[in-house]
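Peer 1: See model_36.pdb below, with PDB, C-alpha atoms.
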ATOM      1  CA  MET A   1     -13.306 -28.698  15.377
ATOM      2  CA  ILE A   2     -10.017 -27.193  14.164
ATOM      3  CA  ASP A   3      -7.704 -26.004  16.937
ATOM      4  CA  VAL A   4      -6.425 -22.428  16.548
ATOM      5  CA  GLN A   5      -3.025 -23.316  18.022
ATOM      6  CA  ARG A   6      -2.566 -26.034  15.400
ATOM      7  CA  LEU A   7      -3.393 -23.499  12.700
ATOM      8  CA  ARG A   8      -0.715 -21.247  14.162
ATOM      9  CA  VAL A   9       1.795 -24.111  13.918
ATOM     10  CA  LEU A  10       0.806 -24.852  10.304
ATOM     11  CA  ARG A  11       1.194 -21.181   9.433
ATOM     12  CA  ALA A  12       4.730 -21.214  10.880
ATOM     13  CA  VAL A  13       5.570 -24.354   8.883
ATOM     14  CA  ALA A  14       4.355 -22.659   5.707
ATOM     15  CA  GLU A  15       6.335 -19.508   6.475
ATOM     16  CA  HIS A  16       9.627 -21.245   7.302
ATOM     17  CA  GLY A  17       9.409 -24.228   4.939
ATOM     18  CA  SER A  18      10.392 -26.859   7.484
ATOM     19  CA  PHE A  19       9.292 -28.384  10.775
ATOM     20  CA  ASN A  20      12.637 -27.657  12.433
ATOM     21  CA  LYS A  21      12.653 -23.944  11.547
ATOM     22  CA  ALA A  22       9.005 -23.599  12.533
ATOM     23  CA  ALA A  23       9.816 -25.242  15.864
ATOM     24  CA  GLY A  24      12.600 -22.734  16.491
ATOM     25  CA  ALA A  25      10.331 -19.792  15.679
ATOM     26  CA  LEU A  26       7.578 -21.102  17.963
ATOM     27  CA  LEU A  27       9.946 -22.185  20.755
ATOM     28  CA  LEU A  28       8.728 -25.772  20.407
ATOM     29  CA  THR A  29      10.498 -29.028  19.671
ATOM     30  CA  PRO A  30      10.328 -30.479  16.125
ATOM     31  CA  SER A  31       8.477 -33.443  17.616
ATOM     32  CA  ALA A  32       5.815 -31.127  19.077
ATOM     33  CA  VAL A  33       5.368 -29.423  15.695
ATOM     34  CA  SER A  34       5.014 -32.812  14.008
ATOM     35  CA  GLN A  35       2.414 -33.871  16.585
ATOM     36  CA  HIS A  36       0.394 -30.673  16.045
ATOM     37  CA  ILE A  37       0.379 -31.198  12.283
ATOM     38  CA  ALA A  38      -0.574 -34.871  12.641
ATOM     39  CA  ALA A  39      -3.447 -33.957  14.995
ATOM     40  CA  LEU A  40      -4.621 -31.284  12.557
ATOM     41  CA  GLU A  41      -4.618 -33.827   9.713
ATOM     42  CA  ARG A  42      -6.628 -36.304  11.821
ATOM     43  CA  ALA A  43      -9.204 -33.638  12.670
ATOM     44  CA  LEU A  44      -9.437 -32.527   9.042
ATOM     45  CA  GLY A  45      -9.320 -36.004   7.490
ATOM     46  CA  HIS A  46      -6.825 -34.852   4.839
ATOM     47  CA  PRO A  47      -3.033 -34.350   4.685
ATOM     48  CA  VAL A  48      -1.964 -30.718   4.977
ATOM     49  CA  ALA A  49       1.817 -30.955   4.549
ATOM     50  CA  VAL A  50       4.192 -33.224   2.667
ATOM     51  CA  ARG A  51       7.778 -33.547   3.912
ATOM     52  CA  SER A  52      10.650 -34.224   1.508
ATOM     53  CA  THR A  53      14.403 -33.737   1.278
ATOM     54  CA  ARG A  54      13.722 -30.268  -0.157
ATOM     55  CA  GLY A  55      11.562 -29.186   2.786
ATOM     56  CA  VAL A  56       7.839 -29.064   3.427
ATOM     57  CA  THR A  57       5.195 -28.543   0.737
ATOM     58  CA  LEU A  58       1.611 -27.715   1.642
ATOM     59  CA  THR A  59      -1.247 -29.594   0.057
ATOM     60  CA  GLU A  60      -4.232 -27.670  -1.304
ATOM     61  CA  PRO A  61      -6.176 -28.205   1.973
ATOM     62  CA  GLY A  62      -3.073 -27.020   3.809
ATOM     63  CA  ARG A  63      -2.893 -23.824   1.740
ATOM     64  CA  LEU A  64      -6.561 -23.124   2.413
ATOM     65  CA  LEU A  65      -6.003 -23.599   6.130
ATOM     66  CA  VAL A  66      -3.007 -21.216   6.127
ATOM     67  CA  GLU A  67      -5.127 -18.578   4.406
ATOM     68  CA  ALA A  68      -7.814 -19.084   7.051
ATOM     69  CA  ALA A  69      -5.190 -18.957   9.807
ATOM     70  CA  GLU A  70      -3.970 -15.580   8.593
ATOM     71  CA  THR A  71      -7.517 -14.209   8.576
ATOM     72  CA  ILE A  72      -8.284 -15.616  12.027
ATOM     73  CA  THR A  73      -5.026 -14.289  13.485
ATOM     74  CA  ALA A  74      -5.675 -10.829  12.076
ATOM     75  CA  GLU A  75      -9.244 -10.864  13.430
ATOM     76  CA  LEU A  76      -8.069 -11.914  16.894
ATOM     77  CA  ASP A  77      -5.397  -9.184  16.878
ATOM     78  CA  GLN A  78      -8.012  -6.603  15.939
ATOM     79  CA  VAL A  79     -10.354  -7.822  18.685
ATOM     80  CA  ARG A  80      -7.526  -7.569  21.215
ATOM     81  CA  ARG A  81      -6.805  -3.998  20.130
ATOM     82  CA  ALA A  82     -10.514  -3.152  20.255
ATOM     83  CA  ILE A  83     -10.658  -4.453  23.819
ATOM     84  CA  ASP A  84      -7.573  -2.398  24.656
ATOM     85  CA  ARG A  85      -9.321   0.682  23.288
ATOM     86  CA  LEU A  86     -12.335   0.028  25.499
ATOM     87  CA  THR A  87     -10.135   0.054  28.591
ATOM     88  CA  GLN A  88      -8.179   3.192  27.669
ATOM     89  CA  GLU A  89      -9.096   6.532  29.179
ATOM     90  CA  ARG A  90      -8.427   8.254  25.837
ATOM     91  CA  PRO A  91      -9.324   6.620  22.488
ATOM     92  CA  ARG A  92      -6.506   6.125  19.991
ATOM     93  CA  LEU A  93      -6.374   6.030  16.223
ATOM     94  CA  THR A  94      -3.410   5.050  14.032
ATOM     95  CA  VAL A  95      -3.262   5.865  10.330
ATOM     96  CA  ALA A  96      -0.574   4.714   7.885
ATOM     97  CA  THR A  97       0.095   6.860   4.828
ATOM     98  CA  PHE A  98       2.428   7.126   1.848
ATOM     99  CA  THR A  99       4.548  10.291   1.715
ATOM    100  CA  SER A 100       2.873  12.451  -0.934
ATOM    101  CA  GLY A 101      -0.599  11.488   0.254
ATOM    102  CA  GLY A 102       0.399  12.312   3.800
ATOM    103  CA  ARG A 103       1.760  15.658   2.676
ATOM    104  CA  HIS A 104      -1.132  16.791   0.475
ATOM    105  CA  LEU A 105      -4.308  14.982   1.602
ATOM    106  CA  LEU A 106      -3.855  14.042   5.233
ATOM    107  CA  PRO A 107      -3.293  17.500   6.830
ATOM    108  CA  ALA A 108      -6.707  18.875   5.787
ATOM    109  CA  ALA A 109      -8.394  15.649   6.862
ATOM    110  CA  LEU A 110      -6.611  15.622  10.221
ATOM    111  CA  THR A 111      -7.527  19.254  10.871
ATOM    112  CA  ARG A 112     -11.186  18.445  10.290
ATOM    113  CA  PHE A 113     -10.971  15.260  12.359
ATOM    114  CA  VAL A 114      -9.201  16.869  15.331
ATOM    115  CA  GLN A 115     -11.694  19.725  15.446
ATOM    116  CA  ALA A 116     -14.564  17.224  15.606
ATOM    117  CA  HIS A 117     -12.855  14.665  17.868
ATOM    118  CA  PRO A 118     -10.245  16.364  20.081
ATOM    119  CA  GLU A 119     -10.441  13.501  22.570
ATOM    120  CA  VAL A 120      -8.807  11.024  20.153
ATOM    121  CA  GLU A 121      -5.045  10.483  20.362
ATOM    122  CA  LEU A 122      -3.714  10.269  16.801
ATOM    123  CA  THR A 123      -0.646   8.435  15.510
ATOM    124  CA  VAL A 124       0.573   8.797  11.908
ATOM    125  CA  LEU A 125       2.953   6.218  10.396
ATOM    126  CA  GLU A 126       4.683   6.781   7.049
ATOM    127  CA  SER A 127       4.496   3.565   5.026
ATOM    128  CA  GLU A 128       4.288   2.496   1.410
ATOM    129  CA  PRO A 129       1.190   0.427   0.498
ATOM    130  CA  GLU A 130       3.054  -2.887   0.541
ATOM    131  CA  ASP A 131       3.880  -2.263   4.214
ATOM    132  CA  ALA A 132       0.705  -0.388   5.198
ATOM    133  CA  VAL A 133      -1.709  -3.119   4.091
ATOM    134  CA  PRO A 134      -0.254  -5.771   6.469
ATOM    135  CA  MET A 135      -0.261  -3.140   9.237
ATOM    136  CA  VAL A 136      -4.013  -2.641   8.854
ATOM    137  CA  ARG A 137      -4.573  -6.336   8.534
ATOM    138  CA  GLY A 138      -2.613  -7.084  11.692
ATOM    139  CA  GLY A 139      -4.117  -4.209  13.670
ATOM    140  CA  ALA A 140      -0.977  -2.060  13.903
ATOM    141  CA  ALA A 141      -2.900   0.647  11.978
ATOM    142  CA  ASP A 142      -6.632   1.309  11.969
ATOM    143  CA  LEU A 143      -6.666   2.467   8.352
ATOM    144  CA  ALA A 144      -4.191   3.318   5.599
ATOM    145  CA  LEU A 145      -4.005   5.899   2.851
ATOM    146  CA  ALA A 146      -2.566   3.943  -0.080
ATOM    147  CA  TYR A 147      -2.331   3.854  -3.868
ATOM    148  CA  HIS A 148      -1.817   1.568  -6.822
ATOM    149  CA  PHE A 149      -0.997   2.069 -10.500
ATOM    150  CA  ASP A 150      -2.231  -0.587 -12.953
ATOM    151  CA  GLY A 151      -4.180  -3.638 -11.890
ATOM    152  CA  PRO A 152      -6.223  -4.317  -8.758
ATOM    153  CA  PRO A 153      -5.990  -2.419  -5.436
ATOM    154  CA  PRO A 154      -3.173  -3.384  -3.024
ATOM    155  CA  VAL A 155      -5.200  -5.930  -1.097
ATOM    156  CA  GLY A 156      -3.858  -9.164  -2.515
ATOM    157  CA  PRO A 157      -5.051 -12.800  -2.448
ATOM    158  CA  GLY A 158      -6.141 -13.955   0.984
ATOM    159  CA  VAL A 159      -6.680 -10.377   2.123
ATOM    160  CA  ARG A 160      -9.779  -9.274   0.230
ATOM    161  CA  ARG A 161     -12.202 -10.901   2.640
ATOM    162  CA  ASP A 162     -10.983  -9.069   5.730
ATOM    163  CA  LEU A 163      -9.814  -5.793   4.161
ATOM    164  CA  GLY A 164     -11.703  -3.364   1.984
ATOM    165  CA  TRP A 165     -10.533  -0.800  -0.587
ATOM    166  CA  GLN A 166     -12.350   2.546  -0.663
ATOM    167  CA  PRO A 167     -11.413   4.597  -3.768
ATOM    168  CA  LEU A 168     -10.727   8.281  -3.117
ATOM    169  CA  MET A 169      -9.393   9.838  -6.313
ATOM    170  CA  GLU A 170      -7.518   9.348  -9.559
ATOM    171  CA  ASP A 171      -4.132  11.075  -9.541
ATOM    172  CA  PRO A 172      -2.861  11.628 -13.125
ATOM    173  CA  LEU A 173       0.865  11.520 -13.835
ATOM    174  CA  TRP A 174       2.468  14.603 -15.390
ATOM    175  CA  VAL A 175       5.779  14.938 -17.191
ATOM    176  CA  VAL A 176       8.319  17.198 -15.461
ATOM    177  CA  LEU A 177      10.803  18.880 -17.822
ATOM    178  CA  PRO A 178      13.696  21.334 -17.432
ATOM    179  CA  ARG A 179      12.522  24.887 -18.206
ATOM    180  CA  GLY A 180      14.714  24.989 -21.304
ATOM    181  CA  HIS A 181      13.427  21.673 -22.690
ATOM    182  CA  ARG A 182      12.156  21.707 -26.272
ATOM    183  CA  LEU A 183       8.661  20.625 -25.092
ATOM    184  CA  ALA A 184       8.431  22.816 -21.978
ATOM    185  CA  GLY A 185       5.990  25.242 -23.567
ATOM    186  CA  ARG A 186       3.514  22.581 -24.718
ATOM    187  CA  SER A 187       0.003  22.213 -23.260
ATOM    188  CA  SER A 188       0.410  18.412 -23.280
ATOM    189  CA  VAL A 189       3.016  15.844 -24.252
ATOM    190  CA  ASP A 190       2.900  12.340 -25.670
ATOM    191  CA  LEU A 191       5.419  10.138 -23.844
ATOM    192  CA  GLY A 192       6.657   8.867 -27.197
ATOM    193  CA  GLU A 193       8.009  12.358 -27.890
ATOM    194  CA  LEU A 194      10.461  11.805 -25.036
ATOM    195  CA  SER A 195      11.985   8.621 -26.445
ATOM    196  CA  ALA A 196      15.418  10.253 -26.758
ATOM    197  CA  ASP A 197      15.453  11.660 -23.215
ATOM    198  CA  ARG A 198      16.902  10.159 -20.083
ATOM    199  CA  TRP A 199      14.504   9.620 -17.183
ATOM    200  CA  VAL A 200      14.608  10.438 -13.482
ATOM    201  CA  LEU A 201      12.527   8.019 -11.424
ATOM    202  CA  GLY A 202      10.840   9.708  -8.459
ATOM    203  CA  CYS A 203       9.254   6.402  -7.452
ATOM    204  CA  LEU A 204      10.554   2.993  -8.452
ATOM    205  CA  LYS A 205       6.977   1.828  -9.077
ATOM    206  CA  THR A 206       6.734   4.110 -12.111
ATOM    207  CA  GLU A 207       9.639   2.307 -13.785
ATOM    208  CA  ALA A 208       7.537  -0.736 -14.691
ATOM    209  CA  PHE A 209       4.924   1.490 -16.348
ATOM    210  CA  LEU A 210       7.564   3.473 -18.236
ATOM    211  CA  ARG A 211       9.289   0.330 -19.477
ATOM    212  CA  ARG A 212       5.994  -1.126 -20.718
ATOM    213  CA  TYR A 213       5.161   2.115 -22.506
ATOM    214  CA  ALA A 214       8.646   2.387 -24.019
ATOM    215  CA  GLU A 215       8.428  -1.195 -25.289
ATOM    216  CA  LEU A 216       5.036  -0.518 -26.892
ATOM    217  CA  ALA A 217       6.329   2.729 -28.402
ATOM    218  CA  GLY A 218       9.440   0.990 -29.734
ATOM    219  CA  PHE A 219      12.193   2.717 -27.762
ATOM    220  CA  ASP A 220      14.550   1.759 -24.942
ATOM    221  CA  LEU A 221      14.026   3.467 -21.583
ATOM    222  CA  ARG A 222      17.200   5.189 -20.392
ATOM    223  CA  VAL A 223      17.264   5.873 -16.646
ATOM    224  CA  GLY A 224      19.563   8.682 -15.507
ATOM    225  CA  ALA A 225      18.635   8.642 -11.805
ATOM    226  CA  SER A 226      16.439   6.724  -9.358
ATOM    227  CA  THR A 227      15.009   8.279  -6.196
ATOM    228  CA  THR A 228      12.200   7.623  -3.743
ATOM    229  CA  ASP A 229      11.257  11.291  -3.390
ATOM    230  CA  TYR A 230       9.357  13.271  -6.014
ATOM    231  CA  PHE A 231      10.719  16.652  -4.935
ATOM    232  CA  PHE A 232      14.285  15.330  -5.196
ATOM    233  CA  ALA A 233      13.383  14.025  -8.657
ATOM    234  CA  ARG A 234      12.225  17.535  -9.650
ATOM    235  CA  THR A 235      15.517  19.066  -8.494
ATOM    236  CA  LEU A 236      17.407  16.500 -10.579
ATOM    237  CA  VAL A 237      15.262  17.387 -13.582
ATOM    238  CA  ALA A 238      15.994  21.080 -12.984
ATOM    239  CA  ALA A 239      19.699  20.219 -12.915
ATOM    240  CA  GLY A 240      19.437  18.669 -16.382
ATOM    241  CA  VAL A 241      19.789  15.007 -15.408
ATOM    242  CA  GLY A 242      16.663  14.013 -17.336
ATOM    243  CA  VAL A 243      12.870  14.193 -17.386
ATOM    244  CA  SER A 244      10.462  12.635 -14.903
ATOM    245  CA  LEU A 245       6.923  11.361 -14.433
ATOM    246  CA  VAL A 246       5.275  12.700 -11.256
ATOM    247  CA  PRO A 247       1.728  12.336  -9.861
ATOM    248  CA  ARG A 248      -0.281  15.570  -9.878
ATOM    249  CA  VAL A 249      -0.856  15.425  -6.110
ATOM    250  CA  ALA A 250       2.907  15.336  -5.542
ATOM    251  CA  LEU A 251       3.266  18.525  -7.603
ATOM    252  CA  ALA A 252       0.765  20.532  -5.570
ATOM    253  CA  GLY A 253       2.373  23.141  -3.332
ATOM    254  CA  ALA A 254       5.908  22.035  -4.237
ATOM    255  CA  PRO A 255       8.621  24.725  -4.008
ATOM    256  CA  GLU A 256       9.585  26.371  -7.263
ATOM    257  CA  THR A 257      12.395  24.701  -9.174
ATOM    258  CA  GLU A 258      13.857  25.264 -12.627
ATOM    259  CA  SER A 259      11.411  22.723 -14.046
ATOM    260  CA  VAL A 260       7.900  22.731 -15.514
ATOM    261  CA  ALA A 261       5.112  20.152 -15.318
ATOM    262  CA  VAL A 262       3.118  19.263 -18.426
ATOM    263  CA  PRO A 263       0.075  16.939 -18.648
ATOM    264  CA  VAL A 264       0.421  13.674 -20.547
ATOM    265  CA  GLU A 265      -1.817  13.236 -23.584
ATOM    266  CA  PRO A 266      -4.673  10.697 -23.282
ATOM    267  CA  PRO A 267      -4.815   7.935 -22.422
ATOM    268  CA  ARG A 268      -3.168   9.483 -19.372
ATOM    269  CA  PRO A 269      -1.333   7.225 -16.919
ATOM    270  CA  ALA A 270      -2.515   7.652 -13.335
ATOM    271  CA  ARG A 271      -2.165   6.233  -9.883
ATOM    272  CA  HIS A 272      -5.306   5.451  -7.923
ATOM    273  CA  ILE A 273      -5.491   6.685  -4.331
ATOM    274  CA  GLY A 274      -7.751   5.036  -1.783
ATOM    275  CA  LEU A 275      -8.212   3.825   1.767
ATOM    276  CA  VAL A 276      -7.565   0.381   3.196
ATOM    277  CA  LEU A 277      -9.987  -0.420   6.012
ATOM    278  CA  PRO A 278     -10.657  -3.643   7.901
ATOM    279  CA  ARG A 279     -14.018  -5.273   7.345
ATOM    280  CA  ARG A 280     -15.574  -5.822  10.758
ATOM    281  CA  ARG A 281     -18.986  -6.479  12.212
ATOM    282  CA  ARG A 282     -18.425  -3.460  14.470
ATOM    283  CA  ALA A 283     -16.725  -0.635  12.615
ATOM    284  CA  ASN A 284     -14.234   1.617  14.391
ATOM    285  CA  PRO A 285     -16.110   4.953  14.621
ATOM    286  CA  TRP A 286     -12.877   6.978  14.713
ATOM    287  CA  ALA A 287     -11.515   5.247  11.596
ATOM    288  CA  GLU A 288     -14.836   5.862   9.830
ATOM    289  CA  ALA A 289     -14.739   9.544  10.832
ATOM    290  CA  LEU A 290     -11.197   9.980   9.496
ATOM    291  CA  ALA A 291     -12.162   8.117   6.312
ATOM    292  CA  ASP A 292     -14.986  10.639   5.817
ATOM    293  CA  ALA A 293     -12.542  13.518   6.348
ATOM    294  CA  LEU A 294     -10.105  12.023   3.832
ATOM    295  CA  THR A 295     -12.921  11.601   1.320
ATOM    296  CA  ALA A 296     -13.717  15.303   1.671
ATOM    297  CA  ALA A 297     -10.020  16.205   1.286
ATOM    298  CA  ALA A 298      -9.733  14.058  -1.844
ATOM    299  CA  THR A 299     -12.853  15.657  -3.324
ATOM    300  CA  ALA A 300     -11.377  19.109  -2.752
ATOM    301  CA  ALA A 301      -8.067  18.008  -4.304
ATOM    302  CA  THR A 302      -9.883  16.598  -7.343
ATOM    303  CA  THR A 303     -11.503  19.963  -8.032
ATOM    304  CA  ARG A 304      -8.011  21.501  -8.143
ATOM    305  CA  ILE A 305      -6.432  18.715 -10.173
ATOM    306  CA  GLY A 306      -6.819  20.479 -13.507
ATOM    307  CA  ALA A 307      -4.881  23.570 -12.422
ATOM    308  CA  ARG A 308      -1.283  23.761 -13.509
ATOM    309  CA  PRO A 309       1.196  23.508 -10.595
TER     310      PRO A 309
END
Give the structure from the file, written as structure tokens.
Peer 2:
Amino acid sequence: MIDVQRLRVLRAVAEHGSFNKAAGALLLTPSAVSQHIAALERALGHPVAVRSTRGVTLTEPGRLLVEAAETITAELDQVRRAIDRLTQERPRLTVATFTSGGRHLLPAALTRFVQAHPEVELTVLESEPEDAVPMVRGGAADLALAYHFDGPPPVGPGVRRDLGWQPLMEDPLWVVLPRGHRLAGRSSVDLGELSADRWVLGCLKTEAFLRRYAELAGFDLRVGASTTDYFFARTLVAAGVGVSLVPRVALAGAPETESVAVPVEPPRPARHIGLVLPRRRRANPWAEALADALTAAATAATTRIGARP
């Protein structure tokens, strides 16, 4: 039988790349770490780590064990939090969300949830998907409102078995132009028509998409400004710094600026919004209730998605 503590030691070795650094992180001696790894290898019947002058390299069995250790640790953390919830007088629910999703989807969902479950104490944490996913996995959040652009959902290798992705909606990207721009009056725009313009990035994640598109269209992407806030990006566009690419959800209800939003011609780029939830034998009823409320909010937002902002 594989000892959980030895898995914890192996995970620390993998994280820090050496027995000495792992020992320091675990408050153990290097000799104790070495003994744990040796005992793990005896129990398994295979080597799990190879030491060299360049540090420690995991074998394939070692990598599989580290993946299992991460899953087991996350499951134990979630069980501990579930036990804590059972002993609390008032149930608690923590949701992580990215900014524009929190601004435009979460309020309606929370209103519905609070009306149905006023006894639950809610906590909302603002986090990008790359931070929110580990929070759900480790139990720091019960669910997360997240997104991704191209490719698979943000539950990477080693995570798919203990986390699930629940799609909510497709959020198309629109071009934001200064009101006096030559294409501002158009009903739709091909991104290739903006090859001579400078760009304002409202989210650094859109840069990779724009660069791929520019390369395919045969022009060089010129970035005039980079921000992490879509409204700030719109004000920079209004000031004449450049043009921008903004998700439709982030345009909804935004204050008026001297800019206009125009749909992109098909095939339209989009980001995909969804929920990250832990896969458990016993589901958290409060997380499921909020997930239902967010699904309803996303459905309502989808019906409005075709309206011009």
Peer 1: Output the residue selection produced by the PyMOL selection byres ((chain A and resi 140-146) around 6) on the file above, formatted as a ChimeraX atom specification.
Peer 2: /A:94-97,129,135-136,138-139,147,273-277
Peer 1: Taking C-alpha atoms for each residue, export the selection above as a CSV table (one decimal), in the coordinates of the input.
Peer 2:
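Resulting contents of again_9.csv:
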chain,number,residue,atom,x,y,z
A,94,THR,CA,-3.4,5.0,14.0
A,95,VAL,CA,-3.3,5.9,10.3
A,96,ALA,CA,-0.6,4.7,7.9
A,97,THR,CA,0.1,6.9,4.8
A,129,PRO,CA,1.2,0.4,0.5
A,135,MET,CA,-0.3,-3.1,9.2
A,136,VAL,CA,-4.0,-2.6,8.9
A,138,GLY,CA,-2.6,-7.1,11.7
A,139,GLY,CA,-4.1,-4.2,13.7
A,147,TYR,CA,-2.3,3.9,-3.9
A,273,ILE,CA,-5.5,6.7,-4.3
A,274,GLY,CA,-7.8,5.0,-1.8
A,275,LEU,CA,-8.2,3.8,1.8
A,276,VAL,CA,-7.6,0.4,3.2
A,277,LEU,CA,-10.0,-0.4,6.0
Peer 1: Check what the PyMOL selection byres ((chain A and resi 204) around 12) selects in the file above and give those residues as a JSON list (two decimals) with C-alpha atoms, in the frame of the given file.
Peer 2:
[["chain", "number", "residue", "atom", "x", "y", "z"],
["A", 128, "GLU", "CA", 4.29, 2.50, 1.41],
["A", 149, "PHE", "CA", -1.00, 2.07, -10.50],
["A", 199, "TRP", "CA", 14.50, 9.62, -17.18],
["A", 200, "VAL", "CA", 14.61, 10.44, -13.48],
["A", 201, "LEU", "CA", 12.53, 8.02, -11.42],
["A", 202, "GLY", "CA", 10.84, 9.71, -8.46],
["A", 203, "CYS", "CA", 9.25, 6.40, -7.45],
["A", 205, "LYS", "CA", 6.98, 1.83, -9.08],
["A", 206, "THR", "CA", 6.73, 4.11, -12.11],
["A", 207, "GLU", "CA", 9.64, 2.31, -13.78],
["A", 208, "ALA", "CA", 7.54, -0.74, -14.69],
["A", 209, "PHE", "CA", 4.92, 1.49, -16.35],
["A", 210, "LEU", "CA", 7.56, 3.47, -18.24],
["A", 211, "ARG", "CA", 9.29, 0.33, -19.48],
["A", 223, "VAL", "CA", 17.26, 5.87, -16.65],
["A", 225, "ALA", "CA", 18.64, 8.64, -11.80],
["A", 226, "SER", "CA", 16.44, 6.72, -9.36],
["A", 227, "THR", "CA", 15.01, 8.28, -6.20],
["A", 228, "THR", "CA", 12.20, 7.62, -3.74],
["A", 229, "ASP", "CA", 11.26, 11.29, -3.39],
["A", 230, "TYR", "CA", 9.36, 13.27, -6.01],
["A", 233, "ALA", "CA", 13.38, 14.02, -8.66],
["A", 244, "SER", "CA", 10.46, 12.64, -14.90],
["A", 245, "LEU", "CA", 6.92, 11.36, -14.43],
["A", 246, "VAL", "CA", 5.28, 12.70, -11.26]]
Peer 1: Show me, as a Markdown table, the residues of segment 203-286 of chain A having an atom within 9 Å of segment 164-177 of chain A, each with the closest atom pair and its distance in Å, using all atoms listed in the file.
Peer 2:
| residue | atom | partner | partner_atom | distance |
| --- | --- | --- | --- | --- |
| A:Arg234 | CA | A:Val176 | CA | 7.0 |
| A:Val237 | CA | A:Leu177 | CA | 6.3 |
| A:Ala238 | CA | A:Leu177 | CA | 7.4 |
| A:Gly240 | CA | A:Leu177 | CA | 8.8 |
| A:Gly242 | CA | A:Leu177 | CA | 7.6 |
| A:Val243 | CA | A:Leu177 | CA | 5.1 |
| A:Ser244 | CA | A:Val176 | CA | 5.1 |
| A:Leu245 | CA | A:Val175 | CA | 4.7 |
| A:Val246 | CA | A:Leu173 | CA | 5.2 |
| A:Pro247 | CA | A:Leu173 | CA | 4.1 |
| A:Arg248 | CA | A:Pro172 | CA | 5.7 |
| A:Val249 | CA | A:Asp171 | CA | 6.4 |
| A:Leu251 | CA | A:Trp174 | CA | 8.8 |
| A:Glu258 | CA | A:Leu177 | CA | 8.8 |
| A:Ser259 | CA | A:Leu177 | CA | 5.4 |
| A:Val260 | CA | A:Leu177 | CA | 5.3 |
| A:Ala261 | CA | A:Val176 | CA | 4.4 |
| A:Val262 | CA | A:Val175 | CA | 5.2 |
| A:Pro263 | CA | A:Trp174 | CA | 4.7 |
| A:Val264 | CA | A:Trp174 | CA | 5.6 |
| A:Arg268 | CA | A:Pro172 | CA | 6.6 |
| A:Pro269 | CA | A:Leu173 | CA | 5.7 |
| A:Ala270 | CA | A:Pro172 | CA | 4.0 |
| A:Arg271 | CA | A:Asp171 | CA | 5.2 |
| A:His272 | CA | A:Glu170 | CA | 4.8 |
| A:Ile273 | CA | A:Met169 | CA | 5.4 |
| A:Gly274 | CA | A:Pro167 | CA | 4.2 |
| A:Leu275 | CA | A:Gln166 | CA | 5.0 |
| A:Val276 | CA | A:Trp165 | CA | 5.0 |
| A:Leu277 | CA | A:Gly164 | CA | 5.3 |
| A:Pro278 | CA | A:Gly164 | CA | 6.0 |
| A:Arg279 | CA | A:Gly164 | CA | 6.1 |
Peer 1: For Pro118 of chain A, list every protein, DNA or RNA residue within 12 Å, evaluated using only C-alpha atoms, and leave out those in the same chain fewer than 4 positions away; present the list as a ChimeraX atom specification.
Peer 2: /A:90-93,110-114,122,286
Peer 1: Could you list the residues chosen by the PyMOL selection byres ((chain A and resi 185-195) around 8) in this structure as a list in words?
Peer 2: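 For this structure, the PyMOL selection byres ((chain A and resi 185-195) around 8) captures Val175, Arg182, Leu183, Ala184, Ala196, Asp197, Ala214, Ala217, Phe219, Asp220, Leu221, Val262, Pro263, Val264 and Glu265 of chain A.
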Peer 1: Calculate how many Å separate atom CA of His104 of chain A from atom CA of Val155 of chain A, rounding to one decimal.
Peer 2: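 Going from atom CA of His104 of chain A over to atom CA of Val155 of chain A covers 23.1 Å.
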Peer 1: What's the 7 Å shell around segment 18-26 of chain A, counting only C-alpha atoms, without same-chain residues fewer than 5 positions away, as an MDAnalysis selection string?
Peer 2: chainID A and resid 12:13 33:34 55:56
Peer 1: Quick one: pull the distance between atom CA of Glu15 of chain A and atom CA of Leu58 of chain A, Å, one decimal.
Peer 2: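 Going from atom CA of Glu15 of chain A over to atom CA of Leu58 of chain A covers 10.6 Å.
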Peer 1: So which residues touch Ile37 of chain A within 10 Å, counting all atoms listed in the file, skipping near sequence neighbours fewer than 4 positions away, as a list of chain:residue names?
Peer 2: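 Final neighbour list, sorted by chain and number: A:Arg6, A:Leu7, A:Val9, A:Leu10, A:Val13, A:Phe19, A:Ser31, A:Ala32, A:Val33, A:Glu41, A:Arg42, A:Ala43, A:Pro47, A:Val48, A:Ala49.
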Peer 1: Need the neighbours of (-15.5, 16.4, 1.8): which residues are at most 12 Å away, counting all atoms listed in the file, as number ranges by chain?
Peer 2: A: 105, 108-109, 112-113, 168, 289-303
Peer 1: In Å, how far is it from atom CA of His181 of chain A to atom CA of Ala239 of chain A?
Peer 2: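 Taking atom CA of His181 of chain A and atom CA of Ala239 of chain A, their separation equals 11.7 Å.
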Peer 1: Step by step, gather every atom of segment 61-76 of chain A that the file lists, find the box along x, y and z that holds them, add 5 Å on each side, and finally give centre and edge lengths in Å to one decimal, as lines of an AutoDock Vina configuration file.
Peer 2:
center_x = -6.1
center_y = -19.5
center_z = 9.3
size_x = 16.4
size_y = 27.4
size_z = 25.2
